[in-house]
Amino acid sequence: MDFSGEQIERYSRQIILKEVGGEGQKKLLDSKVLVVGAGGLGSPVLLYLAAAGVGRLGVVDGDKVDLTNLQRQVIHFTGDVDKPKTDSAKEKLIQLNPDVRIDTYDFRLTSENIREIVRKYDFVIDGTDNFPAKYLINDACYFEGKPFSHAGVLRFDGQTITVLPGESACYRCVFPTPPPRGVVPTCSQAGILGVVAGVIGLVQATEAIKYLLGIGDLLTDTLLTYNALTMTFRRVSVRKNEDCPICGRKPEITELKDQELPLCDLE
Amino acid sequence: MKIDVNGKSVDLEKQFTISELLKKMEVKMPDMVSVELNGKIIRKDQYDEMVVKDGDKVEFLYFMGGGNGFFRRTD
Ligand SMILES: [Zn+2]
């Protein structure tokens, strides 16, 4: 293994873990992870994966940093307001660890562009904040056979599941159809305690690292739910759903489509 | 009879359908919930017939976005 002296020192605290070792560190440095959304979930994921020495990180986000983001999106600083999130994230990650190569995608993923991007990576993190993107990532990863970590957060709650497409339950197995139009709660009912996104994002980062190293048990067929107020984590067993519209017995979804979903005005 | 709802034991005076249970448990936005009965996700068109029995385990799994709002503009 060709580590520089600086690399051996930088990663020494995880190289001494027998489950990681020099071999595991080499695997991380050779790995590629795509993080969709450089927001509340994506920020801790990106920071920790870069710190751990995951060699190549793709950052997807079409938004600019907004003052309301800073309460939870810890990769962005006050001076970054109005900057593209991808640029802001890249600046921090390069400073944190020059070993890591950063690819930026300063646009929104669509059914047209997602598959070719997902294809380049070993593992995908869904750190998005909207349902069309969550279904799109699930479906693209299914068609590309890419493992991914799904997560959602709301108020004081969060949940996450790891999906090995075709092998374990997917997002649509658990949530087959998006909520219908007309029942959408108003956005003022939403909101999020920043640390909740941090906790769940770090579970996602942990899953990515375990997958890349091939160690431990993944959160497959298990939806981990978290409530910050009661400080409870629950593992809810889920299984592949034979009625799943994409990975079930008679799939209705046979090609990638953008999910039509109700939208809510933030104004 | 006793069932388990999201890991908590709940006493019911009679058998309930999924639809009735959603009301009984005061789930405010049932369309924002996926219902799992004994490990199996139940199709929404079965909510009115599917009956919950003594000892059953029910999970109400909530749709969660990213905290910016359930839905936001995608354009
Ligand atoms: Zn599925």
# chains A, B, ... in the order shown; residues from 1 in each chain; ligands from 1
call {"tool": "residues_around", "arguments": {"residues": "A:Val65", "least_positions_apart": "5", "cutoff": "12 Å", "atoms": "only C-alpha atoms", "output": "list in words"}}
result
Gly37, Ala38, Gly39, Gly40, Leu70, Gln71, Arg72, Gln73, Val74, Ile75, His76, Phe77, Thr78, Gly79, Asp80, Val81, Asp82, Lys83, Pro84, Lys85, Thr86, Asp87, Ser88 and Ala89 of chain A
call {"tool": "write_last_selection", "arguments": {"atoms": "C-alpha atoms", "output": "mmCIF file, in the first residue's frame"}}
result
data_model
loop_
_atom_site.group_PDB
_atom_site.id
_atom_site.type_symbol
_atom_site.label_atom_id
_atom_site.label_comp_id
_atom_site.auth_asym_id
_atom_site.auth_seq_id
_atom_site.Cartn_x
_atom_site.Cartn_y
_atom_site.Cartn_z
ATOM 1 C CA GLY A 37 -28.221 17.354 -1.661
ATOM 2 C CA ALA A 38 -25.619 19.443 0.173
ATOM 3 C CA GLY A 39 -28.116 20.361 2.879
ATOM 4 C CA GLY A 40 -29.002 19.232 6.393
ATOM 5 C CA LEU A 70 -27.224 27.701 8.211
ATOM 6 C CA GLN A 71 -29.153 26.451 11.254
ATOM 7 C CA ARG A 72 -28.520 22.870 10.085
ATOM 8 C CA GLN A 73 -26.440 22.763 6.902
ATOM 9 C CA VAL A 74 -23.140 22.898 8.714
ATOM 10 C CA ILE A 75 -20.870 22.735 5.671
ATOM 11 C CA HIS A 76 -21.996 26.261 4.696
ATOM 12 C CA PHE A 77 -20.859 29.350 6.587
ATOM 13 C CA THR A 78 -22.305 32.850 6.938
ATOM 14 C CA GLY A 79 -20.042 34.251 4.229
ATOM 15 C CA ASP A 80 -21.344 31.642 1.786
ATOM 16 C CA VAL A 81 -24.879 33.047 1.568
ATOM 17 C CA ASP A 82 -25.908 33.365 -2.122
ATOM 18 C CA LYS A 83 -23.030 31.127 -3.258
ATOM 19 C CA PRO A 84 -23.905 27.875 -5.082
ATOM 20 C CA LYS A 85 -24.037 25.111 -2.471
ATOM 21 C CA THR A 86 -21.768 22.900 -4.558
ATOM 22 C CA ASP A 87 -19.014 25.560 -4.569
ATOM 23 C CA SER A 88 -19.408 26.259 -0.875
ATOM 24 C CA ALA A 89 -19.214 22.538 -0.047
#
call {"tool": "select_by_dssp", "arguments": {"residues": "chain B", "states": "helix (DSSP H, G or I)", "output": "list in words"}}
result
Ile18, Ser19, Glu20, Leu21, Leu22, Lys23, Lys24, Pro30, Asp31, Met32, Lys44, Asp45 and Gln46 of chain B
call {"tool": "write_last_selection", "arguments": {"atoms": "all heavy atoms", "output": "CSV table (one decimal), in the first residue's frame"}}
result
chain,number,residue,atom,x,y,z
B,18,ILE,N,-58.1,-1.3,9.5
B,18,ILE,CA,-57.0,-0.3,9.4
B,18,ILE,C,-57.5,1.1,9.4
B,18,ILE,O,-57.0,2.0,10.1
B,18,ILE,CB,-56.1,-0.5,8.2
B,18,ILE,CG1,-55.5,-2.0,8.2
B,18,ILE,CG2,-55.0,0.5,8.1
B,18,ILE,CD1,-54.3,-2.2,9.0
B,19,SER,N,-58.6,1.4,8.6
B,19,SER,CA,-59.2,2.7,8.5
B,19,SER,C,-59.6,3.2,9.9
B,19,SER,O,-59.4,4.3,10.3
B,19,SER,CB,-60.4,2.7,7.6
B,19,SER,OG,-60.0,2.3,6.3
B,20,GLU,N,-60.3,2.3,10.6
B,20,GLU,CA,-60.8,2.6,12.0
B,20,GLU,C,-59.7,2.9,12.9
B,20,GLU,O,-59.7,3.8,13.7
B,20,GLU,CB,-61.7,1.5,12.5
B,20,GLU,CG,-63.1,1.4,11.8
B,20,GLU,CD,-63.8,0.1,12.1
B,20,GLU,OE1,-63.2,-0.8,12.6
B,20,GLU,OE2,-65.0,0.1,11.8
B,21,LEU,N,-58.6,2.1,12.8
B,21,LEU,CA,-57.5,2.2,13.7
B,21,LEU,C,-56.8,3.6,13.5
B,21,LEU,O,-56.3,4.2,14.4
B,21,LEU,CB,-56.5,1.1,13.5
B,21,LEU,CG,-55.4,1.0,14.5
B,21,LEU,CD1,-55.9,0.7,15.9
B,21,LEU,CD2,-54.3,-0.1,14.1
B,22,LEU,N,-56.7,4.0,12.2
B,22,LEU,CA,-56.0,5.3,11.9
B,22,LEU,C,-56.8,6.4,12.6
B,22,LEU,O,-56.2,7.3,13.1
B,22,LEU,CB,-56.0,5.5,10.4
B,22,LEU,CG,-54.9,4.7,9.6
B,22,LEU,CD1,-55.2,4.7,8.1
B,22,LEU,CD2,-53.5,5.4,9.8
B,23,LYS,N,-58.1,6.3,12.6
B,23,LYS,CA,-59.0,7.3,13.3
B,23,LYS,C,-58.8,7.2,14.8
B,23,LYS,O,-58.5,8.2,15.5
B,23,LYS,CB,-60.5,7.1,12.9
B,23,LYS,CG,-60.8,7.6,11.6
B,23,LYS,CD,-62.3,8.0,11.5
B,23,LYS,CE,-62.7,8.2,10.1
B,23,LYS,NZ,-63.0,6.9,9.4
B,24,LYS,N,-58.9,6.0,15.3
B,24,LYS,CA,-58.8,5.7,16.7
B,24,LYS,C,-57.5,6.3,17.3
B,24,LYS,O,-57.4,6.8,18.4
B,24,LYS,CB,-58.9,4.2,17.0
B,24,LYS,CG,-58.5,3.7,18.3
B,24,LYS,CD,-59.6,3.5,19.3
B,24,LYS,CE,-59.1,3.0,20.6
B,24,LYS,NZ,-60.1,3.2,21.7
B,30,PRO,N,-53.6,10.6,7.5
B,30,PRO,CA,-53.4,9.2,7.1
B,30,PRO,C,-52.8,9.1,5.7
B,30,PRO,O,-52.1,8.0,5.5
B,30,PRO,CB,-54.8,8.6,7.2
B,30,PRO,CG,-55.7,9.8,7.3
B,30,PRO,CD,-55.0,11.0,7.8
B,31,ASP,N,-52.9,10.1,4.9
B,31,ASP,CA,-52.3,9.9,3.5
B,31,ASP,C,-50.8,10.1,3.6
B,31,ASP,O,-50.1,9.8,2.6
B,31,ASP,CB,-52.9,10.9,2.6
B,31,ASP,CG,-54.3,10.5,2.1
B,31,ASP,OD1,-54.5,9.3,1.8
B,31,ASP,OD2,-55.2,11.3,2.1
B,32,MET,N,-50.3,10.6,4.7
B,32,MET,CA,-48.9,10.8,4.9
B,32,MET,C,-48.2,9.6,5.6
B,32,MET,O,-47.1,9.7,6.1
B,32,MET,CB,-48.6,12.1,5.6
B,32,MET,CG,-49.0,13.3,5.0
B,32,MET,SD,-48.4,13.6,3.3
B,32,MET,CE,-46.6,13.8,3.7
B,44,LYS,N,-53.5,0.7,0.2
B,44,LYS,CA,-54.5,1.6,0.7
B,44,LYS,C,-55.9,1.1,0.4
B,44,LYS,O,-56.8,1.3,1.2
B,44,LYS,CB,-54.3,3.0,0.1
B,44,LYS,CG,-53.0,3.7,0.7
B,44,LYS,CD,-53.1,5.2,0.6
B,44,LYS,CE,-51.9,5.9,1.0
B,44,LYS,NZ,-51.1,5.5,2.1
B,45,ASP,N,-56.1,0.4,-0.7
B,45,ASP,CA,-57.4,-0.1,-1.0
B,45,ASP,C,-57.9,-1.2,-0.2
B,45,ASP,O,-59.0,-1.7,-0.3
B,45,ASP,CB,-57.5,-0.4,-2.5
B,45,ASP,CG,-56.6,-1.5,-3.0
B,45,ASP,OD1,-56.0,-2.2,-2.1
B,45,ASP,OD2,-56.4,-1.8,-4.2
B,46,GLN,N,-57.0,-1.7,0.8
B,46,GLN,CA,-57.4,-2.7,1.7
B,46,GLN,C,-57.7,-2.2,3.1
B,46,GLN,O,-58.1,-3.0,4.0
B,46,GLN,CB,-56.3,-3.8,1.8
B,46,GLN,CG,-55.9,-4.5,0.4
B,46,GLN,CD,-54.8,-5.4,0.6
B,46,GLN,OE1,-53.7,-5.0,1.1
B,46,GLN,NE2,-54.9,-6.6,0.1
call {"tool": "residues_around", "arguments": {"residues": "stretch 49-59 of chain B", "least_positions_apart": "2", "cutoff": "8 Å", "atoms": "only C-alpha atoms", "output": "MDAnalysis selection string"}}
result
(chainID A and resid 236) or (chainID B and resid 1:7 15:18 35:39 46:47 61)
call {"tool": "write_last_selection", "arguments": {"atoms": "N, CA and C atoms", "output": "PDB file, in the first residue's frame"}}
result
ATOM      1  N   VAL A 236     -37.410  -0.771  12.654  1.00  0.00           N
ATOM      2  CA  VAL A 236     -38.659  -1.344  12.165  1.00  0.00           C
ATOM      3  C   VAL A 236     -38.319  -2.270  10.994  1.00  0.00           C
TER       4      VAL A 236
ATOM      5  N   MET B   1     -58.669  -6.728  23.558  1.00  0.00           N
ATOM      6  CA  MET B   1     -57.491  -7.302  22.915  1.00  0.00           C
ATOM      7  C   MET B   1     -56.353  -6.278  22.879  1.00  0.00           C
ATOM      8  N   LYS B   2     -55.158  -6.813  22.746  1.00  0.00           N
ATOM      9  CA  LYS B   2     -53.965  -5.956  22.784  1.00  0.00           C
ATOM     10  C   LYS B   2     -53.231  -6.046  21.459  1.00  0.00           C
ATOM     11  N   ILE B   3     -52.875  -4.901  20.941  1.00  0.00           N
ATOM     12  CA  ILE B   3     -52.005  -4.895  19.763  1.00  0.00           C
ATOM     13  C   ILE B   3     -50.815  -3.980  20.050  1.00  0.00           C
ATOM     14  N   ASP B   4     -49.856  -4.010  19.157  1.00  0.00           N
ATOM     15  CA  ASP B   4     -48.673  -3.165  19.250  1.00  0.00           C
ATOM     16  C   ASP B   4     -48.740  -2.113  18.169  1.00  0.00           C
ATOM     17  N   VAL B   5     -48.692  -0.839  18.531  1.00  0.00           N
ATOM     18  CA  VAL B   5     -48.659   0.206  17.512  1.00  0.00           C
ATOM     19  C   VAL B   5     -47.358   0.995  17.669  1.00  0.00           C
ATOM     20  N   ASN B   6     -46.536   0.963  16.680  1.00  0.00           N
ATOM     21  CA  ASN B   6     -45.212   1.607  16.721  1.00  0.00           C
ATOM     22  C   ASN B   6     -44.465   1.267  18.021  1.00  0.00           C
ATOM     23  N   GLY B   7     -44.518  -0.006  18.366  1.00  0.00           N
ATOM     24  CA  GLY B   7     -43.754  -0.487  19.512  1.00  0.00           C
ATOM     25  C   GLY B   7     -44.432  -0.303  20.859  1.00  0.00           C
ATOM     26  N   GLN B  15     -62.317  -5.518  17.555  1.00  0.00           N
ATOM     27  CA  GLN B  15     -61.467  -5.554  16.366  1.00  0.00           C
ATOM     28  C   GLN B  15     -61.707  -4.296  15.526  1.00  0.00           C
ATOM     29  N   PHE B  16     -60.609  -3.766  14.987  1.00  0.00           N
ATOM     30  CA  PHE B  16     -60.701  -2.567  14.155  1.00  0.00           C
ATOM     31  C   PHE B  16     -60.176  -2.875  12.759  1.00  0.00           C
ATOM     32  N   THR B  17     -60.752  -2.179  11.780  1.00  0.00           N
ATOM     33  CA  THR B  17     -60.115  -2.216  10.457  1.00  0.00           C
ATOM     34  C   THR B  17     -58.962  -1.207  10.504  1.00  0.00           C
ATOM     35  N   ILE B  18     -58.085  -1.259   9.500  1.00  0.00           N
ATOM     36  CA  ILE B  18     -56.977  -0.304   9.436  1.00  0.00           C
ATOM     37  C   ILE B  18     -57.525   1.125   9.411  1.00  0.00           C
ATOM     38  N   VAL B  35     -48.887   2.020   6.144  1.00  0.00           N
ATOM     39  CA  VAL B  35     -49.241   1.142   7.265  1.00  0.00           C
ATOM     40  C   VAL B  35     -48.645  -0.242   7.033  1.00  0.00           C
ATOM     41  N   GLU B  36     -47.917  -0.710   8.046  1.00  0.00           N
ATOM     42  CA  GLU B  36     -47.347  -2.050   7.992  1.00  0.00           C
ATOM     43  C   GLU B  36     -48.046  -2.904   9.044  1.00  0.00           C
ATOM     44  N   LEU B  37     -48.567  -4.042   8.638  1.00  0.00           N
ATOM     45  CA  LEU B  37     -49.231  -4.964   9.565  1.00  0.00           C
ATOM     46  C   LEU B  37     -48.429  -6.262   9.591  1.00  0.00           C
ATOM     47  N   ASN B  38     -47.914  -6.588  10.743  1.00  0.00           N
ATOM     48  CA  ASN B  38     -47.084  -7.794  10.911  1.00  0.00           C
ATOM     49  C   ASN B  38     -46.023  -7.916   9.815  1.00  0.00           C
ATOM     50  N   GLY B  39     -45.346  -6.808   9.561  1.00  0.00           N
ATOM     51  CA  GLY B  39     -44.213  -6.836   8.638  1.00  0.00           C
ATOM     52  C   GLY B  39     -44.565  -6.648   7.174  1.00  0.00           C
ATOM     53  N   GLN B  46     -57.010  -1.675   0.757  1.00  0.00           N
ATOM     54  CA  GLN B  46     -57.396  -2.747   1.685  1.00  0.00           C
ATOM     55  C   GLN B  46     -57.709  -2.232   3.087  1.00  0.00           C
ATOM     56  N   TYR B  47     -57.555  -0.922   3.297  1.00  0.00           N
ATOM     57  CA  TYR B  47     -57.703  -0.369   4.647  1.00  0.00           C
ATOM     58  C   TYR B  47     -59.087  -0.620   5.239  1.00  0.00           C
ATOM     59  N   LEU B  61     -45.792   4.265   9.375  1.00  0.00           N
ATOM     60  CA  LEU B  61     -44.520   4.811   8.895  1.00  0.00           C
ATOM     61  C   LEU B  61     -44.803   6.115   8.157  1.00  0.00           C
TER      62      LEU B  61
END
call {"tool": "residues_around", "arguments": {"residues": "A:Ser111", "least_positions_apart": "4", "cutoff": "6 Å", "atoms": "only C-alpha atoms", "output": "JSON, numbers by chain"}}
result
{"A": [256, 257, 258]}
call {"tool": "write_last_selection", "arguments": {"atoms": "C-alpha atoms", "output": "PDB file, in the first residue's frame"}}
result
ATOM      1  CA  LEU A 256     -37.237   6.112 -15.360  1.00  0.00           C
ATOM      2  CA  LYS A 257     -39.810   8.881 -15.104  1.00  0.00           C
ATOM      3  CA  ASP A 258     -39.945  12.077 -13.119  1.00  0.00           C
TER       4      ASP A 258
END
call {"tool": "residues_near_ligand", "arguments": {"ligand": "ligand 1", "cutoff": "8 Å", "atoms": "only C-alpha atoms and all ligand atoms", "output": "NGL selection string"}}
result
:A and (165-166 or 168-174 or 176 or 240-242 or 244-248)
call {"tool": "write_last_selection", "arguments": {"atoms": "N, CA and C atoms", "output": "JSON list (two decimals), in the first residue's frame"}}
result
[["chain", "number", "residue", "atom", "x", "y", "z"],
["A", 165, "PRO", "N", -30.46, -2.65, -4.12],
["A", 165, "PRO", "CA", -31.54, -2.87, -5.10],
["A", 165, "PRO", "C", -31.64, -4.33, -5.55],
["A", 166, "GLY", "N", -32.87, -4.81, -5.58],
["A", 166, "GLY", "CA", -33.11, -6.19, -6.00],
["A", 166, "GLY", "C", -32.95, -7.18, -4.86],
["A", 168, "SER", "N", -32.76, -6.13, -1.19],
["A", 168, "SER", "CA", -33.47, -5.75, 0.03],
["A", 168, "SER", "C", -34.59, -4.77, -0.32],
["A", 169, "ALA", "N", -35.46, -4.53, 0.66],
["A", 169, "ALA", "CA", -36.61, -3.66, 0.45],
["A", 169, "ALA", "C", -36.16, -2.29, -0.04],
["A", 170, "CYS", "N", -36.88, -1.73, -1.01],
["A", 170, "CYS", "CA", -36.54, -0.41, -1.52],
["A", 170, "CYS", "C", -37.51, 0.62, -0.94],
["A", 171, "TYR", "N", -37.29, 1.88, -1.29],
["A", 171, "TYR", "CA", -38.13, 2.96, -0.77],
["A", 171, "TYR", "C", -39.59, 2.76, -1.18],
["A", 172, "ARG", "N", -39.80, 2.31, -2.42],
["A", 172, "ARG", "CA", -41.17, 2.09, -2.88],
["A", 172, "ARG", "C", -41.81, 0.85, -2.26],
["A", 173, "CYS", "N", -40.99, -0.08, -1.76],
["A", 173, "CYS", "CA", -41.56, -1.24, -1.06],
["A", 173, "CYS", "C", -42.28, -0.75, 0.20],
["A", 174, "VAL", "N", -41.71, 0.28, 0.82],
["A", 174, "VAL", "CA", -42.26, 0.81, 2.08],
["A", 174, "VAL", "C", -43.27, 1.92, 1.81],
["A", 176, "PRO", "N", -45.08, 2.82, -1.35],
["A", 176, "PRO", "CA", -45.32, 2.49, -2.76],
["A", 176, "PRO", "C", -45.73, 3.69, -3.60],
["A", 240, "LYS", "N", -39.14, -6.84, 1.35],
["A", 240, "LYS", "CA", -39.47, -6.60, -0.05],
["A", 240, "LYS", "C", -40.94, -6.86, -0.24],
["A", 241, "ASN", "N", -41.58, -5.92, -0.93],
["A", 241, "ASN", "CA", -43.03, -5.93, -1.08],
["A", 241, "ASN", "C", -43.37, -6.50, -2.46],
["A", 242, "GLU", "N", -44.13, -7.59, -2.47],
["A", 242, "GLU", "CA", -44.40, -8.19, -3.79],
["A", 242, "GLU", "C", -45.23, -7.27, -4.69],
["A", 244, "CYS", "N", -44.59, -4.09, -4.83],
["A", 244, "CYS", "CA", -43.77, -2.90, -5.08],
["A", 244, "CYS", "C", -43.82, -2.55, -6.57],
["A", 245, "PRO", "N", -44.11, -1.27, -6.87],
["A", 245, "PRO", "CA", -44.25, -0.89, -8.29],
["A", 245, "PRO", "C", -42.95, -0.95, -9.08],
["A", 246, "ILE", "N", -41.81, -1.09, -8.39],
["A", 246, "ILE", "CA", -40.57, -1.17, -9.17],
["A", 246, "ILE", "C", -39.82, -2.49, -8.99],
["A", 247, "CYS", "N", -39.76, -3.02, -7.75],
["A", 247, "CYS", "CA", -39.00, -4.25, -7.56],
["A", 247, "CYS", "C", -39.89, -5.43, -7.19],
["A", 248, "GLY", "N", -41.23, -5.24, -7.34],
["A", 248, "GLY", "CA", -42.17, -6.30, -7.02],
["A", 248, "GLY", "C", -42.31, -7.32, -8.15]]
call {"tool": "atom_distance", "arguments": {"atom1": "atom CA of A:Val100", "atom2": "atom CA of A:Asn130"}}
result
28.1 Å
